[in-house]
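Here is the structure we will look at, set down as structure tokens.
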Amino acid sequence: MKTSLFVLAVIAATGMSSLPSYADEMPMSTTQAHSHEAIVGTGTVVSENKSAGSVTLQHKSIPAIGWGAMTMEFKVKDKMLLDKVKKGDKVQFTLLQQGKDYVITNIK
């Protein structure tokens, strides 16, 4: 009985290692595909928090990452970017993914 289990385990292990890997053929998710690409969006400044280094934007849809229009808070890469904007400004901004978050690297 032990020999049979051992033989089955060996067959299973070698059989699994010979299966082709399809990971390279599968499309990447949106967030993976854009993890190092800059994404451009447009919107309106709802508020800015210079001490926290963040800005809340009511942005239009961003098809590059599959987002619909919404209002959300973003961290900024450099707090000095917030010197350029105030509540009510129409802006164009650039996002870069950092981990699970998107950070604004440019705003004008």
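Chain lettering (A, B, ...) mirrors the order of the structure tokens, residue numbering begins at 1 for each chain separately, and ligand numbering begins at 1 in order of display.
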
> Within 6 Å of segment 72-76 of chain A, counting only C-alpha atoms, which residues qualify if same-chain residues fewer than 3 places away don't, as a ChimeraX atom specification?
Replying inline: /A:53-57,103-104

>> Ranking A:Lys79, A:Lys90, A:Lys60, A:Lys84 by minimum distance to Val45 of chain A and counting only C-alpha atoms, which one comes first?
In response: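 Looking at the shortest contact to Val45 of chain A, the residue is A:Lys90.
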
> In Å, with one decimal, what is the gap from atom CA of Ala38 of chain A to atom CA of Asp89 of chain A?
Replying inline: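 Atom-to-atom, atom CA of Ala38 of chain A to atom CA of Asp89 of chain A, that is 21.6 Å.
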
> Just asking: which residues within segment 23-99 of chain A are alpha helix (DSSP H) according to DSSP, as a ChimeraX atom specification?
Replying inline: /A:30-33

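Distance-wise, atom CA of Gln98 of chain A and atom CA of Ala52 of chain A end up 17.2 Å apart.
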
Counting only C-alpha atoms, what is within 8 Å of Ile107 of chain A, bar same-chain residues fewer than 4 positions away, as a CSV table (one decimal) with C-alpha atoms, in the first residue's frame?
chain,number,residue,atom,x,y,z
A,81,LEU,CA,2.4,69.9,-7.1
A,84,LYS,CA,-0.4,74.7,-8.7
A,91,VAL,CA,-7.0,69.9,-14.4
A,92,GLN,CA,-5.2,67.3,-16.4
A,93,PHE,CA,-3.2,64.9,-14.2
A,94,THR,CA,-0.8,62.0,-14.7

>> Report, in Å with one decimal, the straight-line distance from atom CA of Asp83 of chain A to atom CA of Glu37 of chain A.
In response: 24.8 Å
